[in-house]
$ cat my_file-v3.cif   # mmCIF, C-alpha atoms and all ligand atoms
data_protein
#
loop_
_atom_site.label_atom_id
_atom_site.label_comp_id
_atom_site.auth_asym_id
_atom_site.auth_seq_id
_atom_site.Cartn_x
_atom_site.Cartn_y
_atom_site.Cartn_z
CA MET R 1 114.51 99.38 106.75
CA LYS R 2 111.60 98.67 109.10
CA THR R 3 108.32 97.25 107.83
CA ALA R 4 104.95 98.56 109.02
CA PHE R 5 101.73 96.65 108.48
CA ILE R 6 98.59 98.80 108.53
CA THR R 7 95.01 97.57 108.61
CA GLY R 8 92.61 100.36 107.63
CA ILE R 9 95.17 102.01 105.33
CA THR R 10 92.37 103.31 103.08
CA GLY R 11 90.78 105.23 105.97
CA GLN R 12 91.50 108.72 107.27
CA ASP R 13 94.13 107.69 109.82
CA GLY R 14 95.65 104.97 107.66
CA SER R 15 96.42 107.48 104.91
CA TYR R 16 98.14 109.92 107.29
CA LEU R 17 100.02 107.13 109.05
CA ALA R 18 101.27 105.69 105.74
CA GLU R 19 102.56 109.15 104.77
CA LEU R 20 104.30 109.56 108.12
CA LEU R 21 105.98 106.14 107.99
CA LEU R 22 107.06 106.46 104.36
CA GLY R 23 108.64 109.78 105.35
CA LYS R 24 110.59 107.93 108.05
CA GLY R 25 111.88 105.40 105.52
CA TYR R 26 109.58 102.48 106.41
CA ARG R 27 108.40 99.84 103.99
CA VAL R 28 104.61 100.11 104.31
CA VAL R 29 102.27 97.18 103.71
CA GLY R 30 98.54 97.99 103.85
CA VAL R 31 95.54 95.69 104.12
CA VAL R 32 92.69 96.25 101.70
CA ARG R 33 89.54 94.19 101.56
CA ARG R 34 88.32 92.74 98.31
CA SER R 35 86.07 95.12 96.43
CA SER R 36 84.65 95.31 92.91
CA THR R 37 86.27 98.73 92.56
CA SER R 38 89.87 99.71 93.25
CA TYR R 39 89.67 103.46 93.61
CA PHE R 40 91.49 104.40 96.80
CA GLU R 41 90.48 108.01 97.37
CA ARG R 42 92.76 108.80 100.30
CA ILE R 43 95.89 106.88 99.28
CA GLY R 44 95.84 107.42 95.51
CA HIS R 45 98.96 109.59 95.82
CA LEU R 46 100.80 106.81 97.72
CA LEU R 47 99.98 103.82 95.53
CA ASP R 48 103.41 103.60 93.94
CA ARG R 49 105.09 103.64 97.38
CA VAL R 50 102.99 101.25 99.49
CA GLU R 51 102.36 97.54 99.06
CA LEU R 52 98.73 96.48 99.27
CA VAL R 53 97.72 93.04 100.44
CA SER R 54 94.22 91.60 100.30
CA ALA R 55 92.82 90.44 103.66
CA ASP R 56 89.77 91.01 105.84
CA LEU R 57 89.29 91.48 109.57
CA LEU R 58 86.50 88.91 109.34
CA ASP R 59 88.81 86.22 107.92
CA GLN R 60 91.49 84.74 110.19
CA THR R 61 93.41 82.85 107.51
CA SER R 62 93.80 85.90 105.31
CA LEU R 63 95.24 87.88 108.24
CA VAL R 64 97.76 85.20 109.23
CA ASP R 65 98.89 84.85 105.61
CA ALA R 66 99.17 88.61 105.14
CA VAL R 67 101.23 89.12 108.31
CA ASP R 68 103.40 86.10 107.50
CA ALA R 69 104.16 87.45 104.01
CA ALA R 70 104.85 91.00 105.18
CA LYS R 71 107.12 90.07 108.12
CA PRO R 72 106.37 93.36 109.89
CA ASP R 73 108.25 95.07 112.69
CA GLU R 74 105.19 97.13 113.60
CA ILE R 75 101.48 96.39 113.18
CA TYR R 76 98.93 99.21 113.33
CA ASN R 77 95.38 97.86 113.69
CA LEU R 78 93.25 100.76 112.47
CA ALA R 79 90.54 98.87 110.58
CA ALA R 80 87.08 98.99 112.10
CA GLN R 81 83.44 99.80 111.47
CA SER R 82 84.15 103.26 112.83
CA PHE R 83 80.84 105.16 112.49
CA VAL R 84 79.05 105.20 115.84
CA GLN R 85 75.53 105.76 114.40
CA THR R 86 75.82 102.70 112.15
CA SER R 87 76.73 100.56 115.15
CA TRP R 88 73.08 100.65 116.28
CA THR R 89 71.77 99.46 112.92
CA GLN R 90 74.59 96.91 112.38
CA PRO R 91 75.52 95.91 115.93
CA VAL R 92 76.60 92.34 115.15
CA LEU R 93 78.79 93.32 112.22
CA THR R 94 80.30 96.10 114.32
CA GLY R 95 81.17 93.54 116.98
CA GLU R 96 82.73 91.24 114.38
CA PHE R 97 84.98 93.95 112.86
CA THR R 98 85.64 96.25 115.74
CA ALA R 99 85.81 93.76 118.63
CA LEU R 100 86.64 90.24 117.37
CA GLY R 101 88.68 91.68 114.51
CA VAL R 102 91.23 92.78 117.13
CA THR R 103 91.56 89.22 118.46
CA ARG R 104 92.03 87.95 114.93
CA MET R 105 94.83 90.47 114.35
CA LEU R 106 96.48 89.62 117.66
CA GLU R 107 96.28 85.92 116.80
CA ALA R 108 97.80 86.63 113.40
CA MET R 109 100.67 88.47 115.07
CA LYS R 110 101.13 85.74 117.71
CA LYS R 111 101.37 83.08 115.02
CA ALA R 112 103.26 84.88 112.26
CA ALA R 113 105.22 87.77 113.83
CA PRO R 114 105.35 87.41 117.63
CA LYS R 115 108.29 89.81 117.93
CA ALA R 116 106.43 92.64 116.16
CA ARG R 117 104.94 95.61 118.01
CA PHE R 118 101.17 96.04 117.90
CA TYR R 119 99.11 99.24 118.05
CA GLN R 120 95.37 99.05 118.76
CA ALA R 121 93.12 101.97 117.79
CA SER R 122 91.18 102.41 121.03
CA SER R 123 88.74 105.29 121.38
CA SER R 124 87.42 107.96 123.73
CA GLU R 125 83.99 106.41 122.99
CA GLN R 126 85.03 103.79 125.56
CA PHE R 127 84.57 106.46 128.26
CA GLY R 128 81.01 107.20 127.06
CA LYS R 129 78.91 108.38 129.96
CA VAL R 130 80.69 110.97 132.06
CA VAL R 131 82.31 109.32 135.08
CA GLU R 132 85.09 111.89 135.51
CA THR R 133 86.51 114.79 133.54
CA PRO R 134 89.00 115.16 132.04
CA GLN R 135 89.27 111.53 130.99
CA ARG R 136 92.62 109.81 131.57
CA GLU R 137 94.08 106.31 131.29
CA THR R 138 92.59 105.30 134.65
CA THR R 139 89.06 106.61 134.04
CA PRO R 140 86.58 103.69 134.09
CA PHE R 141 84.90 102.80 130.81
CA TYR R 142 81.13 103.24 130.38
CA PRO R 143 80.46 102.91 126.62
CA ARG R 144 77.19 104.23 125.22
CA SER R 145 76.96 102.53 121.80
CA PRO R 146 77.58 99.10 120.30
CA TYR R 147 80.68 100.69 118.75
CA GLY R 148 81.92 101.83 122.17
CA VAL R 149 81.23 98.40 123.66
CA ALA R 150 83.16 96.74 120.82
CA LYS R 151 86.10 99.12 121.33
CA VAL R 152 86.20 98.29 125.05
CA TYR R 153 86.54 94.62 124.07
CA GLY R 154 89.30 95.49 121.59
CA HIS R 155 91.08 97.47 124.26
CA TRP R 156 90.99 94.74 126.91
CA ILE R 157 91.90 91.91 124.55
CA THR R 158 94.99 93.93 123.61
CA VAL R 159 95.89 94.31 127.31
CA ASN R 160 95.16 90.63 127.83
CA TYR R 161 97.43 89.43 124.99
CA ARG R 162 100.16 91.68 126.33
CA GLU R 163 99.84 90.17 129.80
CA SER R 164 99.15 86.58 128.71
CA PHE R 165 101.69 86.12 125.95
CA GLY R 166 104.22 88.89 126.53
CA LEU R 167 103.44 90.55 123.19
CA PHE R 168 104.42 94.17 122.67
CA ALA R 169 100.83 95.42 122.36
CA ALA R 170 99.82 99.03 123.07
CA SER R 171 96.50 100.84 122.91
CA GLY R 172 96.06 104.49 122.04
CA ILE R 173 92.83 105.85 123.50
CA LEU R 174 92.38 108.56 120.91
CA PHE R 175 89.86 111.37 121.15
CA ASN R 176 88.11 112.64 118.01
CA HIS R 177 90.53 113.65 115.30
CA GLU R 178 89.49 115.15 112.03
CA SER R 179 90.78 116.45 108.71
CA GLU R 180 89.76 117.15 105.14
CA ARG R 181 90.04 113.36 104.66
CA ARG R 182 87.35 112.61 107.28
CA GLY R 183 84.38 110.58 105.99
CA LEU R 184 81.45 112.78 105.01
CA GLU R 185 79.10 111.17 107.54
CA PHE R 186 81.05 112.36 110.62
CA VAL R 187 79.74 115.62 112.02
CA THR R 188 82.80 117.82 111.44
CA ARG R 189 83.17 116.92 107.79
CA LYS R 190 79.41 116.98 107.31
CA ILE R 191 79.51 120.57 108.55
CA SER R 192 82.55 121.69 106.53
CA ASP R 193 81.11 120.10 103.40
CA GLY R 194 77.66 121.54 104.19
CA VAL R 195 79.08 125.04 104.60
CA ALA R 196 80.80 124.79 101.22
CA ARG R 197 77.65 123.44 99.54
CA ILE R 198 75.60 126.29 101.00
CA ALA R 199 78.20 128.89 99.94
CA PHE R 200 78.11 127.50 96.39
CA GLY R 201 74.30 127.48 96.32
CA LEU R 202 74.12 123.66 96.15
CA ASP R 203 72.10 123.40 99.40
CA ASP R 204 69.96 125.75 101.46
CA ARG R 205 70.12 124.02 104.81
CA LEU R 206 72.23 121.67 106.92
CA PRO R 207 70.19 119.15 108.93
CA LEU R 208 71.92 118.04 112.15
CA GLY R 209 71.17 116.20 115.39
CA ASN R 210 72.38 117.10 118.88
CA LEU R 211 74.22 120.45 118.77
CA ASP R 212 75.04 120.35 122.49
CA ALA R 213 77.32 117.29 122.45
CA ARG R 214 80.88 118.25 123.33
CA ARG R 215 84.01 116.69 121.88
CA ASP R 216 87.76 117.10 122.19
CA TRP R 217 88.63 117.60 118.50
CA GLY R 218 92.18 117.51 117.13
CA PHE R 219 93.90 117.11 113.76
CA ALA R 220 94.38 113.54 112.48
CA GLY R 221 97.90 114.24 111.20
CA ASP R 222 99.04 114.95 114.75
CA TYR R 223 97.42 111.79 116.15
CA VAL R 224 99.15 109.29 113.85
CA ASP R 225 102.46 110.62 115.16
CA ALA R 226 101.32 109.66 118.67
CA MET R 227 100.59 106.10 117.41
CA TRP R 228 104.12 105.77 116.06
CA ARG R 229 105.65 107.16 119.26
CA MET R 230 103.80 104.54 121.32
CA LEU R 231 105.54 101.76 119.40
CA GLN R 232 109.00 103.30 119.95
CA GLN R 233 108.77 102.99 123.76
CA ASP R 234 110.83 100.47 125.74
CA GLU R 235 107.67 98.89 127.20
CA PRO R 236 104.14 98.59 125.77
CA ASP R 237 101.60 100.81 127.50
CA ASP R 238 98.26 102.58 126.95
CA PHE R 239 97.93 106.31 126.34
CA VAL R 240 95.14 108.88 126.15
CA VAL R 241 95.64 111.23 123.19
CA GLY R 242 93.65 114.46 122.84
CA THR R 243 94.00 118.23 123.04
CA GLY R 244 92.58 118.81 126.53
CA THR R 245 89.98 121.28 125.22
CA THR R 246 86.33 120.62 124.49
CA CYS R 247 83.86 122.34 122.13
CA SER R 248 80.25 121.68 121.22
CA VAL R 249 78.86 120.73 117.82
CA ARG R 250 77.23 124.17 117.91
CA ASP R 251 80.67 125.80 118.41
CA PHE R 252 81.92 123.88 115.39
CA CYS R 253 78.97 125.10 113.29
CA GLN R 254 79.45 128.68 114.37
CA ARG R 255 83.17 128.67 113.51
CA ALA R 256 82.67 126.86 110.22
CA PHE R 257 80.00 129.25 108.93
CA ASP R 258 82.11 132.19 110.18
CA VAL R 259 84.91 131.10 107.84
CA VAL R 260 82.69 131.97 104.84
CA GLY R 261 80.99 134.95 106.52
CA LEU R 262 77.61 133.27 107.10
CA ASP R 263 75.46 132.81 110.25
CA TYR R 264 74.90 129.12 111.08
CA ARG R 265 71.49 129.90 112.62
CA GLU R 266 70.09 130.68 109.17
CA PHE R 267 71.02 127.27 107.76
CA VAL R 268 71.31 124.59 110.44
CA THR R 269 68.06 122.72 111.06
CA ARG R 270 67.13 120.08 113.62
CA ASP R 271 66.67 116.59 112.22
CA GLU R 272 65.57 113.77 114.52
CA ARG R 273 67.27 111.17 112.29
CA PHE R 274 70.67 112.32 113.51
CA PHE R 275 69.98 112.00 117.22
CA ARG R 276 71.33 108.83 118.87
CA PRO R 277 69.58 106.30 121.10
CA ALA R 278 72.23 107.01 123.76
CA GLU R 279 74.57 109.98 123.58
CA VAL R 280 78.08 110.73 124.77
CA ASP R 281 77.60 114.23 126.16
CA LEU R 282 81.07 115.39 127.05
CA LEU R 283 84.56 114.25 126.12
CA VAL R 284 87.74 116.03 127.15
CA ALA R 285 91.15 114.41 127.41
CA ASP R 286 93.87 114.65 129.98
CA PRO R 287 96.82 114.03 127.62
CA SER R 288 99.51 114.61 130.25
CA LYS R 289 100.88 111.05 130.18
CA ALA R 290 101.33 111.25 126.38
CA ALA R 291 103.05 114.61 126.77
CA GLU R 292 105.35 113.36 129.49
CA LYS R 293 106.27 109.89 128.19
CA LEU R 294 105.86 110.27 124.42
CA GLY R 295 106.82 113.93 124.13
CA TRP R 296 103.61 114.37 122.15
CA THR R 297 101.59 117.59 121.92
CA PRO R 298 99.02 118.64 119.34
CA THR R 299 100.07 121.30 116.80
CA VAL R 300 96.67 122.33 115.36
CA THR R 301 94.09 124.29 117.38
CA PHE R 302 90.32 123.88 117.12
CA GLU R 303 90.04 127.15 115.19
CA GLN R 304 92.79 126.13 112.74
CA LEU R 305 91.19 122.72 112.28
CA VAL R 306 87.78 124.17 111.40
CA GLN R 307 89.33 126.70 109.06
CA ARG R 308 91.42 124.15 107.18
CA MET R 309 88.47 121.75 106.75
CA VAL R 310 86.11 124.44 105.43
CA GLU R 311 88.76 125.87 103.12
CA ALA R 312 89.53 122.41 101.73
CA ASP R 313 85.86 121.74 100.95
CA VAL R 314 85.41 125.20 99.40
CA ALA R 315 88.48 124.56 97.21
CA ARG R 316 87.09 121.15 96.23
CA TYR R 317 83.75 122.59 94.98
CA ARG R 318 85.64 125.35 93.19
CA ARG R 319 87.79 122.74 91.41
CA MET R 320 84.59 121.00 90.33
CA GLY R 321 83.67 124.23 88.52
CA HIS R 322 80.98 125.56 90.87
CA THR R 323 80.52 129.31 91.41
CA PRO R 324 79.93 130.76 94.89
CA THR R 325 76.55 132.36 95.41
CA ARG R 326 76.60 133.22 99.14
CA GLY R 327 78.97 134.51 101.80
CA ARG R 328 82.63 135.37 101.43
CA VAL R 329 84.54 132.70 99.52
P1 LIG I 401 87.82 105.20 108.80
O1 LIG I 401 86.39 104.85 108.90
O2 LIG I 401 88.22 106.40 107.99
O3 LIG I 401 88.63 103.94 108.24
C1 LIG I 401 88.31 102.63 108.62
C2 LIG I 401 89.20 101.65 107.86
O4 LIG I 401 88.88 100.32 108.25
C3 LIG I 401 89.04 101.70 106.34
O5 LIG I 401 90.32 101.58 105.75
C4 LIG I 401 88.19 100.46 106.08
O6 LIG I 401 88.35 99.93 104.77
C5 LIG I 401 88.77 99.51 107.09
N1 LIG I 401 87.92 98.34 107.35
C6 LIG I 401 86.67 98.34 107.83
N2 LIG I 401 86.23 97.08 107.95
C7 LIG I 401 87.23 96.26 107.53
C8 LIG I 401 87.40 94.86 107.39
N3 LIG I 401 86.42 94.01 107.70
N4 LIG I 401 88.58 94.36 106.95
C9 LIG I 401 89.57 95.19 106.60
N5 LIG I 401 89.47 96.55 106.70
C10 LIG I 401 88.32 97.06 107.14
O7 LIG I 401 88.38 105.36 110.29
P2 LIG I 401 89.51 106.35 110.89
O8 LIG I 401 90.67 106.35 110.00
O9 LIG I 401 88.88 107.62 111.31
O10 LIG I 401 89.85 105.59 112.25
C11 LIG I 401 90.86 104.58 112.31
C12 LIG I 401 90.65 103.73 113.54
O11 LIG I 401 90.73 104.54 114.71
C13 LIG I 401 89.30 103.03 113.64
O12 LIG I 401 89.51 101.80 114.29
C14 LIG I 401 88.47 103.96 114.51
O13 LIG I 401 87.45 103.24 115.15
C15 LIG I 401 89.54 104.42 115.48
N6 LIG I 401 89.35 105.72 116.09
C16 LIG I 401 89.13 106.81 115.30
C17 LIG I 401 89.03 108.07 115.87
C18 LIG I 401 88.79 109.29 115.04
O14 LIG I 401 88.43 110.32 115.60
N7 LIG I 401 89.01 109.25 113.74
C19 LIG I 401 89.16 108.25 117.32
C20 LIG I 401 89.42 107.02 118.05
C21 LIG I 401 89.51 105.80 117.45
P3 LIG I 401 87.40 100.36 103.52
O15 LIG I 401 88.07 101.56 102.90
O16 LIG I 401 87.42 99.15 102.68
O17 LIG I 401 86.04 100.69 104.09
P1 LIG I 402 81.71 110.32 117.20
O1 LIG I 402 81.74 111.23 115.88
O2 LIG I 402 80.41 109.65 117.39
O3 LIG I 402 82.23 111.18 118.32
O4 LIG I 402 82.77 109.19 116.83
P2 LIG I 402 80.59 111.92 115.03
O5 LIG I 402 81.27 113.00 114.27
O6 LIG I 402 79.79 110.94 114.26
O7 LIG I 402 79.63 112.56 116.17
C1 LIG I 402 80.08 113.56 117.06
C2 LIG I 402 78.90 114.17 117.79
O8 LIG I 402 78.12 114.96 116.88
C3 LIG I 402 76.74 114.73 117.14
N1 LIG I 402 75.97 115.04 115.94
C4 LIG I 402 76.07 114.43 114.75
N2 LIG I 402 76.87 113.43 114.35
C5 LIG I 402 76.78 113.02 113.04
N3 LIG I 402 77.60 112.09 112.60
N4 LIG I 402 75.86 113.57 112.19
C6 LIG I 402 75.02 114.57 112.56
O9 LIG I 402 74.21 115.05 111.77
C7 LIG I 402 75.12 115.02 113.91
N5 LIG I 402 74.50 115.99 114.62
C8 LIG I 402 75.01 115.99 115.85
C9 LIG I 402 76.69 113.26 117.54
O10 LIG I 402 75.46 112.97 118.23
C10 LIG I 402 77.93 113.15 118.42
O11 LIG I 402 77.62 113.55 119.73
C11 LIG I 402 84.01 109.49 116.21
C12 LIG I 402 84.41 108.30 115.33
O12 LIG I 402 85.55 108.65 114.58
C13 LIG I 402 84.73 107.08 116.17
O13 LIG I 402 85.25 106.06 115.32
C14 LIG I 402 85.78 107.47 117.20
O14 LIG I 402 86.10 106.37 118.02
C15 LIG I 402 85.27 108.61 118.04
O15 LIG I 402 85.01 109.73 117.19
C16 LIG I 402 86.31 109.07 119.06
#
$ encode --input "my_file-v3.cif" --output "structure tokens"
Amino acid sequence: MKTAFITGITGQDGSYLAELLLGKGYRVVGVVRRSSTSYFERIGHLLDRVELVSADLLDQTSLVDAVDAAKPDEIYNLAAQSFVQTSWTQPVLTGEFTALGVTRMLEAMKKAAPKARFYQASSSEQFGKVVETPQRETTPFYPRSPYGVAKVYGHWITVNYRESFGLFAASGILFNHESERRGLEFVTRKISDGVARIAFGLDDRLPLGNLDARRDWGFAGDYVDAMWRMLQQDEPDDFVVGTGTTCSVRDFCQRAFDVVGLDYREFVTRDERFFRPAEVDLLVADPSKAAEKLGWTPTVTFEQLVQRMVEADVARYRRMGHTPTRGRV
């Protein structure tokens, strides 16, 4: 039985990855940081099957001890301050978690499990300002937020530890991936939740920022499979993972309101608070290397993704006992 060690197991991707690896027969050890509460929303259904260990990306000793105790074959470093907007208000903390946290994890692996295989959660935010489209492994980085800058550091330190110490360390440059487990502050989930709230009469409007930004959106469940595939290769390498299609925030709104038979233009309002100091205008992946070398292709289309997210939020408000007042739900 192989052992996987996951930082960020309580997040969106960590929960899907834990499910995937348990299904493959892995022993799964997940890092949680100390908290006064112990309600794990996304992994509640897995708690009797995963082992949780207390550590923090800010604390080197805790990481070394956790890796040493787990004796992992594979390490997935998913933990980060992952919300781009917050990276402007907490830039130093974002650098500590999202940049230096990667070095701390690599050091922990080097000391306690040097034969393990390491996955780093790199991001399409590293591409930032459009240099070329579609974006591929060789596209130069030009990050546009403290988060993007921190991820570029995390990416290069992973490459550097691979080249310096011969560690099996791979980076997945993943484009936006979403699901009904996405945090409510990210735009897709904010929209699917907002649509449901409007349909149930709990809100009358949905305030948003830039509707013209374009993203390559896929389904998170598909993307964790790409992570696993990267660690099954003979040699460590870096891969772009995305769908190869791009849609605007406006397209997402239109589709999402369509699902419940409403017109987004009646409800979406412009709110300056959600505009960013520097924007990433256009992301679209060239996932051909992942297709060729990993045999990976996405299984969920943009339309299916929007539909499943809206339906999940509608079902959630229904379970809470709310009654629809608008649209077709
Ligand atoms: P989430 O925000 O859902 O999850 C982040 C996880 O990191 C949580 O489990 C969180 O724990 C944990 N974490 C944060 N800070 C620390 C810390 N100091 N010590 C230990 N754990 C910590 O992110 P996603 O699941 O969406 O993303 C996973 C990774 O992939 C992130 O690194 C993200 O930047 C990256 N990424 C995500 C993409 C996406 O579209 N989703 C695309 C490309 C990259 P807690 O529950 O305690 O807050
Ligand atoms: P992103 O995701 O920054 O791409 O990072 P987010 O959903 O936050 O923003 C996507 C785009 O939507 C625009 N936008 C809004 N965004 C939010 N959150 N709220 C709004 O009200 C709003 N209105 C418009 C944004 O300006 C932006 O252009 C995500 C995270 O998961 C990162 O961790 C990951 O690395 C990248 O995806 C790939």
$ residues_around --input "my_file-v3.cif" --residues "Met309 of chain R" --least-positions-apart "5" --cutoff "8 Å" --atoms "all atoms listed in the file" --output "short mmCIF file (atom, residue, chain, number, x, y, z; two decimals) with C-alpha atoms, in the coordinates of the input"
data_model
loop_
_atom_site.label_atom_id
_atom_site.label_comp_id
_atom_site.auth_asym_id
_atom_site.auth_seq_id
_atom_site.Cartn_x
_atom_site.Cartn_y
_atom_site.Cartn_z
CA SER R 179 90.78 116.45 108.71
CA GLU R 180 89.76 117.15 105.14
CA ARG R 189 83.17 116.92 107.79
CA SER R 192 82.55 121.69 106.53
#
$ residues_near_ligand --input "my_file-v3.cif" --ligand "ligand LIG 402 (chain I)" --cutoff "9 Å" --atoms "only C-alpha atoms and all ligand atoms" --output "MDAnalysis selection string"
chainID R and resid 80:85 121:126 147:148 151 173:178 182:191 206:217 248:250 270:271 273:276 278:283
$ write_last_selection --input "my_file-v3.cif" --atoms "C-alpha atoms" --output "PDB file, in the coordinates of the input"
ATOM      1  CA  ALA R  80      87.080  98.990 112.100  1.00  0.00           C
ATOM      2  CA  GLN R  81      83.440  99.800 111.470  1.00  0.00           C
ATOM      3  CA  SER R  82      84.150 103.260 112.830  1.00  0.00           C
ATOM      4  CA  PHE R  83      80.840 105.160 112.490  1.00  0.00           C
ATOM      5  CA  VAL R  84      79.050 105.200 115.840  1.00  0.00           C
ATOM      6  CA  GLN R  85      75.530 105.760 114.400  1.00  0.00           C
ATOM      7  CA  ALA R 121      93.120 101.970 117.790  1.00  0.00           C
ATOM      8  CA  SER R 122      91.180 102.410 121.030  1.00  0.00           C
ATOM      9  CA  SER R 123      88.740 105.290 121.380  1.00  0.00           C
ATOM     10  CA  SER R 124      87.420 107.960 123.730  1.00  0.00           C
ATOM     11  CA  GLU R 125      83.990 106.410 122.990  1.00  0.00           C
ATOM     12  CA  GLN R 126      85.030 103.790 125.560  1.00  0.00           C
ATOM     13  CA  TYR R 147      80.680 100.690 118.750  1.00  0.00           C
ATOM     14  CA  GLY R 148      81.920 101.830 122.170  1.00  0.00           C
ATOM     15  CA  LYS R 151      86.100  99.120 121.330  1.00  0.00           C
ATOM     16  CA  ILE R 173      92.830 105.850 123.500  1.00  0.00           C
ATOM     17  CA  LEU R 174      92.380 108.560 120.910  1.00  0.00           C
ATOM     18  CA  PHE R 175      89.860 111.370 121.150  1.00  0.00           C
ATOM     19  CA  ASN R 176      88.110 112.640 118.010  1.00  0.00           C
ATOM     20  CA  HIS R 177      90.530 113.650 115.300  1.00  0.00           C
ATOM     21  CA  GLU R 178      89.490 115.150 112.030  1.00  0.00           C
ATOM     22  CA  ARG R 182      87.350 112.610 107.280  1.00  0.00           C
ATOM     23  CA  GLY R 183      84.380 110.580 105.990  1.00  0.00           C
ATOM     24  CA  LEU R 184      81.450 112.780 105.010  1.00  0.00           C
ATOM     25  CA  GLU R 185      79.100 111.170 107.540  1.00  0.00           C
ATOM     26  CA  PHE R 186      81.050 112.360 110.620  1.00  0.00           C
ATOM     27  CA  VAL R 187      79.740 115.620 112.020  1.00  0.00           C
ATOM     28  CA  THR R 188      82.800 117.820 111.440  1.00  0.00           C
ATOM     29  CA  ARG R 189      83.170 116.920 107.790  1.00  0.00           C
ATOM     30  CA  LYS R 190      79.410 116.980 107.310  1.00  0.00           C
ATOM     31  CA  ILE R 191      79.510 120.570 108.550  1.00  0.00           C
ATOM     32  CA  LEU R 206      72.230 121.670 106.920  1.00  0.00           C
ATOM     33  CA  PRO R 207      70.190 119.150 108.930  1.00  0.00           C
ATOM     34  CA  LEU R 208      71.920 118.040 112.150  1.00  0.00           C
ATOM     35  CA  GLY R 209      71.170 116.200 115.390  1.00  0.00           C
ATOM     36  CA  ASN R 210      72.380 117.100 118.880  1.00  0.00           C
ATOM     37  CA  LEU R 211      74.220 120.450 118.770  1.00  0.00           C
ATOM     38  CA  ASP R 212      75.040 120.350 122.490  1.00  0.00           C
ATOM     39  CA  ALA R 213      77.320 117.290 122.450  1.00  0.00           C
ATOM     40  CA  ARG R 214      80.880 118.250 123.330  1.00  0.00           C
ATOM     41  CA  ARG R 215      84.010 116.690 121.880  1.00  0.00           C
ATOM     42  CA  ASP R 216      87.760 117.100 122.190  1.00  0.00           C
ATOM     43  CA  TRP R 217      88.630 117.600 118.500  1.00  0.00           C
ATOM     44  CA  SER R 248      80.250 121.680 121.220  1.00  0.00           C
ATOM     45  CA  VAL R 249      78.860 120.730 117.820  1.00  0.00           C
ATOM     46  CA  ARG R 250      77.230 124.170 117.910  1.00  0.00           C
ATOM     47  CA  ARG R 270      67.130 120.080 113.620  1.00  0.00           C
ATOM     48  CA  ASP R 271      66.670 116.590 112.220  1.00  0.00           C
ATOM     49  CA  ARG R 273      67.270 111.170 112.290  1.00  0.00           C
ATOM     50  CA  PHE R 274      70.670 112.320 113.510  1.00  0.00           C
ATOM     51  CA  PHE R 275      69.980 112.000 117.220  1.00  0.00           C
ATOM     52  CA  ARG R 276      71.330 108.830 118.870  1.00  0.00           C
ATOM     53  CA  ALA R 278      72.230 107.010 123.760  1.00  0.00           C
ATOM     54  CA  GLU R 279      74.570 109.980 123.580  1.00  0.00           C
ATOM     55  CA  VAL R 280      78.080 110.730 124.770  1.00  0.00           C
ATOM     56  CA  ASP R 281      77.600 114.230 126.160  1.00  0.00           C
ATOM     57  CA  LEU R 282      81.070 115.390 127.050  1.00  0.00           C
ATOM     58  CA  LEU R 283      84.560 114.250 126.120  1.00  0.00           C
TER      59      LEU R 283
END
$ closest_residue --input "my_file-v3.cif" --among "R:Thr133, R:Thr138, R:Gln232, R:Gln307" --to "Gln254 of chain R" --atoms "all atoms listed in the file"
R:Gln307
$ residues_near_point --input "my_file-v3.cif" --point "(98.5, 105.2, 119.6)" --cutoff "7 Å" --atoms "all atoms listed in the file" --output "list of chain:residue names"
R:Tyr119, R:Gln120, R:Ala121, R:Ser171, R:Gly172, R:Ile173, R:Ala226, R:Met227, R:Trp228, R:Met230, R:Phe239
$ residues_around --input "my_file-v3.cif" --residues "Ala70 of chain R" --least-positions-apart "2" --cutoff "8 Å" --atoms "all atoms listed in the file" --output "VMD selection string"
chain R and resid 3 5 29 66 to 68 72
$ atom_distance --input "my_file-v3.cif" --atom1 "atom CA of Glu107 of chain R" --atom2 "atom CA of Ile6 of chain R"
15.5 Å
$ atom_distance --input "my_file-v3.cif" --atom1 "atom O2 of ligand LIG 401 (chain I)" --atom2 "atom CA of Ser36 of chain R"
19.1 Å
$ atom_distance --input "my_file-v3.cif" --atom1 "atom CA of Leu46 of chain R" --atom2 "atom CA of Ala112 of chain R"
26.4 Å
$ closest_residue --input "my_file-v3.cif" --among "R:Asp238, R:Ala220, R:Leu58, R:Arg49" --to "Leu93 of chain R" --atoms "all atoms listed in the file"
R:Leu58
$ closest_residue --input "my_file-v3.cif" --among "R:Val102, R:Leu231, R:Val50, R:Ala4" --to "ligand LIG 401 (chain I)" --atoms "only C-alpha atoms and all ligand atoms"
R:Val102
$ closest_residue --input "my_file-v3.cif" --among "R:Val28, R:Met320, R:Val224, R:Met109" --to "ligand LIG 401 (chain I)" --atoms "all atoms listed in the file"
R:Val224
$ axis_aligned_box --input "my_file-v3.cif" --around "segment 115-129 of chain R" --padding-each-side "4 Å" --output "lines of an AutoDock Vina configuration file"
center_x = 93.6
center_y = 99.1
center_z = 123.1
size_x = 37.4
size_y = 26.6
size_z = 21.8
$ residues_around --input "my_file-v3.cif" --residues "Gly201 of chain R" --least-positions-apart "5" --cutoff "12 Å" --atoms "all atoms listed in the file" --output "list in words"
Gly194, Val195, Ala196, Phe267, Val314, Tyr317, Arg318, His322, Thr323, Pro324, Thr325, Arg326, Gly327 and Val329 of chain R
